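A.B. asks: The structure follows.
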Amino acid sequence: MRHLLDTKGLTRTAALRILDVAEDMAATQHREVRKLPTLRGKTVVNLFFEDSTRTRISFEAAAKRLSADVINFSAKGSSVSKGESLQDTAQTLQAMGADAVVIRHGASGAPHTLATSGWISAGVVNAGDGTHAHPTQALLDAFTVRKRFFGDDSRGHDLAGLRVTIVGDVLHSRVARSNVWLLTTLGAEVTLVAPPTLVPQDVSAWPVRVLYDLDEAIADGPDALMMLRIQLERMSAAYFPTEREYSRTWGLDAARLAALPADSIVLHPGPMNRGMEISAAAADSPRSTVLEQVANGVSVRMAVLYLLLAGERIEAEEDGR
Amino acid sequence: MSTRTVLHEADIARALTRISHEILESNRGPAELVILGIPRRGVPLAARIGALLADISGVPVPVGAVDVTMYRDDLHRNPTRAPQPTEIPVGGIDGRTVVLVDDVLFSGRSIRAALDALQDIGRPAAVRLATLIDRGHRELPIRPDFVGKNLPSARDERVNVRLRETDGIEEVTIGS
């Protein structure tokens with residue numbers, strides 16, 4: 001693997017490889033010494049043009065547990081706020097000898113530009129770009145679903161036959177987009193539930209079913225329900241009348257939680273708006289995988305960094321992506 | 001381009017039985033033993049040795065696997081390897097005598113990596129090394145305690161161990 005930019009181009013084999021390596025990484029996290037020497041001497045740069053504490057900390061923990069050196073670069077208070085271009089920033093990192101760049105950017109496509117421009121030779125990991133993609137989040141969601149349903153037998157399993165319903169602000173959600181592609185590649189059936197104003201126009205080209213009624217979707221008995229965060233910071237127009245109305249019509253309250261099948265699970269990428277898209281009852285119930293998702297995020301990101309950085313370069317380039 | 005078989009099925013079985021007796025003799029019985037195979041082919045060999053030890057001594061002996069992929073010093077020289085599962089028996093390795101089991105001992109680098117991996121898992125009282133084949137050409141100061149067969153070889157020859165569990169056939173071959 002040379003870069004990880006989105007999940008749309010990820011094959012089933014490549015996705016399962018990442019998830020299986022993540023299983024091994026997760027196993028090492030129960031040891032007395034959790035640090036592995038694998039990426040000693042490699043440098044990982046976290047290049048964050050958008051605020052994100054969770055994803056950055058998760059990548060940082062993953063890199064450090066593999067003994068890589070981590071440099072955190074956030075746009076605030078840096079040369080970027082003085083007007084430096086992405087190209088100049090990238091070339092600076094190249095000159096410092098970065099082996100991998102983890103990038104979060106507000107513009108869709110920025111990681112792709114970084115990977116294909118020839119500015120840097122480092123591997124690029126997309127940690128979220130605009131409304132386009134957030135591949136490691138989708139991978140950790142898939143990992144979490146697989147772990148809940150197959151437990152210790154997870155290795156090698158895909159998600160064939162599992163039904164995953166994604167609820168909420170699909171329009172602005174890179175998490176939803178990345179999940180749609182990854183989960184369907186792994187064989188899951190994906191349903192989107194959203195207010196009509198928050199469904200993207202090109203959704204007919206996606207391999208999904210779209211519903212507009214959460215109660216109908218829950219009556220359908222999904223295996224996993226993924227509640228998306230309402231991203232108030234990305235909403236410049238009025239997509240729904242009031243927050244209370246959203247939470248009443250699209251939020252996972254106690255009654256809807258109780259209507260779910262007994263073994264179905266509830267995912268949320270975090271940070272949660274409690275009382276908005278997810279009630280405290282749902283967030284703290286045993287069905288909720290929120291904290292497992294955080295722990296699994298480190299394992300999945302360790303797997304991605306391992307596959308990106310551990311092998312020899314030539315193979316990585318033949319491998320294509 | 002010639003390949004000859006140096007161990008047949010019965011030879012492998014005899015070698016493992018002898019190794020098992022030697023382990024019990026040097027350890028003065030089965031107490032506190034943990035047998036850990038190094039993937040891939042060390043793992044079925046460890047399972048067989050564990051079963052033999054239990055047969056001979058009448059006491060069950062814990063068996064597991066320790067993957068060394070993440071500890072190798074040649075990761076960046078080879079295509080990305082997929083790590084294999086590590087399975088440490090309940091009870092761990094602290095204060096016990098760990099016997100590492102591998103199929104072929106060559107440069108000694110895998111064993112160096114395995115020793116590093118063990119250090120992250122716990123603190124054994126002692127670590128021993130059993131190998132089905134010792135083909136020489138050590139690059140590190142590592143020597144086996146229990147050897148199935150010493151096989152003089154040229155550096156560029158290939159020694160292949162094939163086992164029922166992984167390859168469906170039992171033999172050890174050497175070829176150029």
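Each chain in the structure tokens gets a letter, A, B and so on, in the order shown; residues start at 1 in every chain, and ligands are counted from 1 in the order they appear.
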I'd like to know which residues of stretch 267-296 of chain A are alpha helix (DSSP H) (by DSSP, run on the backbone); could you write them as an MDAnalysis selection string?
C.D. replies: chainID A and resid 280:283 290:296
A.B. asks: Print the selection's residues with N, CA and C atoms to a file, as a JSON list (two decimals), in the first residue's frame.
C.D. replies:
```
[["chain", "number", "residue", "atom", "x", "y", "z"],
["A", 280, "ALA", "N", -28.83, 10.17, 25.63],
["A", 280, "ALA", "CA", -27.88, 9.61, 26.60],
["A", 280, "ALA", "C", -28.17, 8.13, 26.81],
["A", 281, "ALA", "N", -29.45, 7.76, 26.80],
["A", 281, "ALA", "CA", -29.82, 6.36, 27.01],
["A", 281, "ALA", "C", -29.17, 5.47, 25.95],
["A", 282, "ALA", "N", -29.18, 5.94, 24.70],
["A", 282, "ALA", "CA", -28.60, 5.15, 23.61],
["A", 282, "ALA", "C", -27.07, 5.17, 23.70],
["A", 283, "ALA", "N", -26.51, 6.34, 24.00],
["A", 283, "ALA", "CA", -25.05, 6.48, 24.01],
["A", 283, "ALA", "C", -24.42, 5.63, 25.10],
["A", 290, "VAL", "N", -19.39, 3.15, 21.04],
["A", 290, "VAL", "CA", -18.62, 4.39, 20.89],
["A", 290, "VAL", "C", -17.18, 4.25, 21.41],
["A", 291, "LEU", "N", -17.04, 3.68, 22.61],
["A", 291, "LEU", "CA", -15.69, 3.58, 23.17],
["A", 291, "LEU", "C", -14.86, 2.49, 22.49],
["A", 292, "GLU", "N", -15.53, 1.41, 22.07],
["A", 292, "GLU", "CA", -14.81, 0.39, 21.30],
["A", 292, "GLU", "C", -14.28, 1.00, 20.00],
["A", 293, "GLN", "N", -15.10, 1.88, 19.40],
["A", 293, "GLN", "CA", -14.66, 2.51, 18.15],
["A", 293, "GLN", "C", -13.37, 3.30, 18.39],
["A", 294, "VAL", "N", -13.29, 3.98, 19.52],
["A", 294, "VAL", "CA", -12.09, 4.77, 19.81],
["A", 294, "VAL", "C", -10.88, 3.83, 19.95],
["A", 295, "ALA", "N", -11.05, 2.76, 20.73],
["A", 295, "ALA", "CA", -9.94, 1.82, 20.93],
["A", 295, "ALA", "C", -9.56, 1.15, 19.61],
["A", 296, "ASN", "N", -10.56, 0.71, 18.85],
["A", 296, "ASN", "CA", -10.29, 0.06, 17.57],
["A", 296, "ASN", "C", -9.63, 1.02, 16.59]]
```
A.B. asks: Might you pull out every residue within 10 Å of B:Thr5, with only C-alpha atoms counted and same-chain residues fewer than 6 positions away left off, and present them as a ChimeraX atom specification?
C.D. replies: /B:159-161,171-175
A.B. asks: So that I can see what lies close to B:Met70, please list as a PyMOL selection string the residues with an atom at most 8 Å from it, counting only C-alpha atoms and leaving out residues fewer than 5 positions away in the same chain.
C.D. replies: (chain A and resi 36-38) or (chain B and resi 83)
A.B. asks: Please identify every residue of chain B that has at least one atom no more than 8 Å from any atom of chain A, counting only C-alpha atoms, and report them as a list in words.
C.D. replies: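 Per the criterion, chain B yields Met70, Tyr71, Arg72, Leu75, His76, Arg77, Asn78, Pro79, Thr80, Arg81, Ala82, Pro83, Gln84, Pro85, Thr86, Asp120, Ile121 and Gly122 of chain B.
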A.B. asks: Which polymer residues have any atom within 9 Å of an atom of stretch 94-100 of chain B, counting only C-alpha atoms, with same-chain residues fewer than 6 positions away left out, as a VMD selection string?
C.D. replies: chain B and resid 23 27 31 to 38 42 46 65 to 66 111 114 121 to 131
A.B. asks: Give me the residues of stretch 207-232 of chain A that have any atom at most 12 Å from an atom of stretch 142-153 of chain A; for each, the nearest atom pair and the distance in Å, rounded to one decimal. Use only C-alpha atoms, sort by chain and number, and format it as JSON lines.
C.D. replies:
```
{"residue": "A:Asp223", "atom": "CA", "partner": "A:Val145", "partner_atom": "CA", "distance": 8.9}
{"residue": "A:Ala224", "atom": "CA", "partner": "A:Val145", "partner_atom": "CA", "distance": 7.3}
{"residue": "A:Leu225", "atom": "CA", "partner": "A:Val145", "partner_atom": "CA", "distance": 10.1}
{"residue": "A:Met226", "atom": "CA", "partner": "A:Val145", "partner_atom": "CA", "distance": 10.3}
```
A.B. asks: Could you check the closest approach to B:Leu132 for each of B:Arg40, B:Lys149, B:Arg28, B:His21 and tell me which residue wins, using only C-alpha atoms?
C.D. replies: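 Nearest to B:Leu132: B:Lys149.
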A.B. asks: Give me the residues within 8 Å of B:Leu24 as a VMD selection string, counting only C-alpha atoms and dropping any in the same chain fewer than 5 places off.
C.D. replies: chain B and resid 29 to 30 53
A.B. asks: Can I get the selection written as a PDB file, in the first residue's frame, with N, CA and C atoms?
C.D. replies:
```
ATOM      1  N   GLY B  29      11.604 -32.634  34.202  1.00  0.00           N
ATOM      2  CA  GLY B  29      10.149 -32.819  34.271  1.00  0.00           C
ATOM      3  C   GLY B  29       9.397 -31.715  33.560  1.00  0.00           C
ATOM      4  N   PRO B  30       8.078 -31.807  33.549  1.00  0.00           N
ATOM      5  CA  PRO B  30       7.271 -30.868  32.753  1.00  0.00           C
ATOM      6  C   PRO B  30       6.897 -29.592  33.501  1.00  0.00           C
ATOM      7  N   LEU B  53       5.047 -34.143  24.980  1.00  0.00           N
ATOM      8  CA  LEU B  53       5.442 -33.904  26.375  1.00  0.00           C
ATOM      9  C   LEU B  53       4.345 -34.352  27.321  1.00  0.00           C
TER      10      LEU B  53
END
```
A.B. asks: Skip B:Gly136 itself and residues of its chain fewer than 2 positions away, then list as a ChimeraX atom specification all residues within 7 Å of it, counting only C-alpha atoms.
C.D. replies: /B:106,134,138,152
A.B. asks: Applying 8 Å and only C-alpha atoms, which residues near A:Val298 remain after dropping the ones on its own chain fewer than 2 positions away? List them as a ChimeraX atom specification.
C.D. replies: /A:58-59,61-62,294-296,300-302
A.B. asks: Between B:Ala113, B:Gly64, B:Gly91, B:Val101, which is the closest to B:Leu45 once you count only C-alpha atoms?
C.D. replies: B:Val101
A.B. asks: Give me, please, the distance in Å between atom CA of A:Pro195 and atom CA of A:Asp129, quoted to one decimal.
C.D. replies: 23.4 Å
A.B. asks: In Å to one decimal, how far is atom CA of B:Phe146 from atom CA of B:Ile56?
C.D. replies: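 Atom-to-atom, atom CA of B:Ile56 to atom CA of B:Phe146, that is 17.1 Å.
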